[in-house]
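Just below is one structure, and these are the notes that go with it.
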Amino acid sequence: MLILAALWMQHQARAAEAHHDLEAIRQSVSEFLSHKLGADPAARIVVNPLDQRLRVAACPQPLKPWLPSSSKLLGPTTVGVRCLGESPWTLYVSARIERYTDIQIAARPLARGDIVGAGDLRTESRDVSGLRAGFFEEAAELIGKVVRRPISAGNPVRPTQVEDSYLIKRGQKVVILARVGGLSVRMRGKALANGAAGDHIRIENSRSDRIVEGVVNDAGIVEVSL
């Protein structure tokens, strides 16, 4: 009985030796990505565990990780691993590269039309690898902007959710600056929409009742081309 038990244990040990250690494969991927990223203190590498049912032959040579052409060094990625030994094999291991930086977070719920103030924001270190729509690092970039879309408390503030403050509001009396060749003509009108600097808005000429479109300049004047 003891002999059978010893033989079974020996068989199990040899079977284990015949397969490559999955944790060693995972570690090789982590080291490969670390080398690719260099000394980046903001980066964090997360290599997903391999399926424990996976069996590949023990590789007598150093493993050869590589980055497929479709893989990136930010966010979800895939690393290929090759063994070039007598029983060659290839694996693809999924991982995630997170990058942390200080960004602006909504300190309270912000509604459409709110003007962003210093008290509406807080700075937090967040993983920005998934923030494809962008983010703000400095509060000064946001203060004074108008909220375009509601922002929940605790969420990053994204560029698509805010816009510059309106220089002109709908219904406001405005100056229309028309340029004709080298001449400039000023007229009075009424804004038919809100507008920040650089926005195209429609205005109604107070004298002719004609509706035209112009561009809001930094001084709050609407410039039109005739």
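To be explicit about the labels: the chains of the structure tokens are called A, B, and onward in the order shown, and within each one the residues are counted from 1, while ligands get numbers from 1 in the order they are shown.
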
Please produce, as a tab-separated table, a per-residue contact table for range 140-224 of chain A versus range 108-128 of chain A (criterion: any atom at most 9 Å away, only C-alpha atoms considered), showing the nearest atom pair and its distance in Å to one decimal, sorted by chain then residue number.
residue	atom	partner	partner_atom	distance
A:Ala140	CA	A:Ala118	CA	8.4
A:Leu142	CA	A:Val116	CA	6.6
A:Ile143	CA	A:Gly117	CA	5.1
A:Gly144	CA	A:Val116	CA	5.3
A:Lys145	CA	A:Val116	CA	5.5
A:Val146	CA	A:Ile115	CA	4.7
A:Val147	CA	A:Arg112	CA	5.0
A:Arg148	CA	A:Arg112	CA	5.1
A:Arg149	CA	A:Arg112	CA	5.2
A:Pro150	CA	A:Ala111	CA	4.6
A:Ile151	CA	A:Leu110	CA	5.1
A:Ser152	CA	A:Pro109	CA	4.7
A:Ala153	CA	A:Arg108	CA	4.4
A:Gly154	CA	A:Arg108	CA	7.2
A:Pro156	CA	A:Arg126	CA	8.8
A:Val157	CA	A:Leu121	CA	8.9
A:Gln161	CA	A:Arg112	CA	8.9
A:Val162	CA	A:Val116	CA	8.8
A:Ser165	CA	A:Ile115	CA	7.7

Would you mind listing, for every residue of range 78-116 of chain A within 10 Å of range 29-42 of chain A, the two atoms forming the shortest contact and the distance between them in Å to one decimal, using only C-alpha atoms, sorted by chain and ascending residue number, as CSV?
residue,atom,partner,partner_atom,distance
A:Thr78,CA,A:Val29,CA,9.5
A:Val79,CA,A:Val29,CA,6.8
A:Gly80,CA,A:Val29,CA,8.3
A:Val81,CA,A:Val29,CA,7.6
A:Tyr92,CA,A:Val29,CA,9.8
A:Val93,CA,A:Val29,CA,7.6
A:Ser94,CA,A:Val29,CA,9.3
A:Ala95,CA,A:Val29,CA,8.5
A:Arg96,CA,A:Leu33,CA,10.0
A:Ile97,CA,A:Leu33,CA,8.6
A:Glu98,CA,A:Ala42,CA,8.1
A:Arg99,CA,A:Ala42,CA,5.3
A:Tyr100,CA,A:Ala42,CA,5.0
A:Thr101,CA,A:Ala42,CA,6.7

Could I get the residues of range 79-184 of chain A with an atom no further than 10 Å from an atom of range 52-56 of chain A, each paired with its nearest atom pair and that distance in Å to one decimal, using only C-alpha atoms, sorted by chain and residue number, as JSON lines?
{"residue": "A:Cys83", "atom": "CA", "partner": "A:Val56", "partner_atom": "CA", "distance": 9.5}
{"residue": "A:Ser87", "atom": "CA", "partner": "A:Val56", "partner_atom": "CA", "distance": 8.9}
{"residue": "A:Pro88", "atom": "CA", "partner": "A:Val56", "partner_atom": "CA", "distance": 9.0}
{"residue": "A:Trp89", "atom": "CA", "partner": "A:Val56", "partner_atom": "CA", "distance": 7.2}
{"residue": "A:Thr90", "atom": "CA", "partner": "A:Val56", "partner_atom": "CA", "distance": 9.0}
{"residue": "A:Leu91", "atom": "CA", "partner": "A:Val56", "partner_atom": "CA", "distance": 9.1}

Once you have the residues from the selection above, write them out as an mmCIF file, in the first residue's frame, restricted to N, CA and C atoms.
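Below you can see out_7.cif, which holds the result:
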data_model
loop_
_atom_site.group_PDB
_atom_site.id
_atom_site.type_symbol
_atom_site.label_atom_id
_atom_site.label_comp_id
_atom_site.auth_asym_id
_atom_site.auth_seq_id
_atom_site.Cartn_x
_atom_site.Cartn_y
_atom_site.Cartn_z
ATOM 1 N N CYS A 83 6.249 29.998 -26.105
ATOM 2 C CA CYS A 83 7.315 29.079 -25.698
ATOM 3 C C CYS A 83 7.908 28.512 -26.983
ATOM 4 N N SER A 87 8.225 21.531 -27.305
ATOM 5 C CA SER A 87 6.759 21.485 -27.438
ATOM 6 C C SER A 87 6.240 22.923 -27.413
ATOM 7 N N PRO A 88 6.384 23.642 -28.525
ATOM 8 C CA PRO A 88 6.051 25.073 -28.542
ATOM 9 C C PRO A 88 4.557 25.326 -28.315
ATOM 10 N N TRP A 89 4.271 26.472 -27.727
ATOM 11 C CA TRP A 89 2.881 26.873 -27.533
ATOM 12 C C TRP A 89 2.790 28.398 -27.493
ATOM 13 N N THR A 90 1.594 28.895 -27.683
ATOM 14 C CA THR A 90 1.322 30.335 -27.653
ATOM 15 C C THR A 90 0.061 30.581 -26.839
ATOM 16 N N LEU A 91 0.135 31.576 -25.960
ATOM 17 C CA LEU A 91 -1.022 31.967 -25.153
ATOM 18 C C LEU A 91 -1.260 33.465 -25.302
#

Quick one: DSSP strand (DSSP E) residues in range 51-210 of chain A, as a PyMOL selection string? chain A and resi 64-66+75-83+89-106+121-127+146-147+162-163+173-180+183-191+200-205

Neighbour list for Ile221 in chain A as an MDAnalysis selection string, cut-off 12 Å, only C-alpha atoms, skip fewer than 6 positions in-chain: chainID A and resid 167:169 172:178 186:191 195:201 203 214:215

Any chance you could export the current selection's C-alpha atoms as a PDB file, in the first residue's frame?
ATOM      1  CA  LEU A 167     -21.913  86.207 -22.834  1.00  0.00           C
ATOM      2  CA  ILE A 168     -25.327  86.656 -24.417  1.00  0.00           C
ATOM      3  CA  LYS A 169     -28.655  85.281 -23.217  1.00  0.00           C
ATOM      4  CA  GLN A 172     -31.098  90.075 -24.603  1.00  0.00           C
ATOM      5  CA  LYS A 173     -30.605  93.294 -26.590  1.00  0.00           C
ATOM      6  CA  VAL A 174     -27.330  93.012 -28.490  1.00  0.00           C
ATOM      7  CA  VAL A 175     -25.118  94.929 -30.867  1.00  0.00           C
ATOM      8  CA  ILE A 176     -24.840  93.432 -34.353  1.00  0.00           C
ATOM      9  CA  LEU A 177     -21.567  94.174 -36.103  1.00  0.00           C
ATOM     10  CA  ALA A 178     -21.825  93.727 -39.865  1.00  0.00           C
ATOM     11  CA  ARG A 186     -23.328  98.516 -36.090  1.00  0.00           C
ATOM     12  CA  MET A 187     -27.002  97.742 -35.573  1.00  0.00           C
ATOM     13  CA  ARG A 188     -29.240  96.818 -32.699  1.00  0.00           C
ATOM     14  CA  GLY A 189     -30.851  93.426 -32.401  1.00  0.00           C
ATOM     15  CA  LYS A 190     -32.287  90.771 -30.103  1.00  0.00           C
ATOM     16  CA  ALA A 191     -30.626  87.432 -29.363  1.00  0.00           C
ATOM     17  CA  GLY A 195     -24.300  82.203 -26.720  1.00  0.00           C
ATOM     18  CA  ALA A 196     -20.767  81.893 -25.357  1.00  0.00           C
ATOM     19  CA  ALA A 197     -17.724  83.347 -27.108  1.00  0.00           C
ATOM     20  CA  GLY A 198     -17.313  81.663 -30.488  1.00  0.00           C
ATOM     21  CA  ASP A 199     -20.883  80.329 -30.642  1.00  0.00           C
ATOM     22  CA  HIS A 200     -23.069  80.806 -33.720  1.00  0.00           C
ATOM     23  CA  ILE A 201     -26.456  82.224 -32.724  1.00  0.00           C
ATOM     24  CA  ILE A 203     -30.385  87.347 -33.878  1.00  0.00           C
ATOM     25  CA  GLY A 214     -23.650  85.593 -36.383  1.00  0.00           C
ATOM     26  CA  VAL A 215     -20.733  84.707 -34.136  1.00  0.00           C
TER      27      VAL A 215
END

Those of range 31-115 of chain A in DSSP alpha helix (DSSP H), formatted as a ChimeraX atom specification: /A:31-37

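Counting from CA of Lys72 in chain A, the distance to CA of Ala57 in chain A is 28.4 Å.
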
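Of note, CA of Ala58 in chain A and CA of Arg44 in chain A are spaced 28.9 Å apart.
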
For CA of Pro60 in chain A and CA of Gly85 in chain A, the interatomic separation in Å (one decimal): 6.2 Å

Which residues are near Leu192 in chain A? Cut-off 6 Å, only C-alpha atoms, ignore same chain within fewer than 6 positions. Put them as a PDB file with C-alpha atoms, in the first residue's frame.
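Result file is around_25.pdb:
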ATOM      1  CA  ARG A 170     -31.786  84.622 -25.198  1.00  0.00           C
ATOM      2  CA  GLY A 171     -33.982  87.736 -25.456  1.00  0.00           C
ATOM      3  CA  ARG A 202     -29.458  83.704 -34.482  1.00  0.00           C
ATOM      4  CA  ILE A 203     -30.385  87.347 -33.878  1.00  0.00           C
TER       5      ILE A 203
END

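Within the 10 Å cut-off around Arg179 in chain A, using only C-alpha atoms and omitting residues fewer than 6 positions from it on the same chain, the listed residues are A:Val185, A:Arg186, A:Glu223, A:Val224, A:Ser225, A:Leu226.
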
Write out, as a compact mmCIF listing (two decimals), in the first residue's frame, the residues just selected, with N, CA and C atoms.
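Below you can see again.txt, which holds the result:
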# COMPACT_ATOMS: atom_id res chain seq x y z
N VAL A 185 -20.52 98.16 -39.88
CA VAL A 185 -21.78 98.81 -39.56
C VAL A 185 -22.35 98.17 -38.30
N ARG A 186 -22.75 99.02 -37.34
CA ARG A 186 -23.33 98.52 -36.09
C ARG A 186 -24.84 98.74 -36.09
N GLU A 223 -21.09 89.25 -34.48
CA GLU A 223 -20.55 89.63 -35.78
C GLU A 223 -21.22 88.82 -36.88
N VAL A 224 -21.68 89.53 -37.91
CA VAL A 224 -22.30 88.87 -39.06
C VAL A 224 -21.58 89.28 -40.33
N SER A 225 -21.62 88.41 -41.30
CA SER A 225 -21.01 88.71 -42.60
C SER A 225 -22.13 88.91 -43.61
N LEU A 226 -22.06 90.02 -44.33
CA LEU A 226 -23.08 90.33 -45.34
C LEU A 226 -22.47 90.23 -46.73

Closest to Gly134 in chain A among A:Thr77, A:Ser28, A:Asn155, A:Thr160, using only C-alpha atoms? A:Thr160
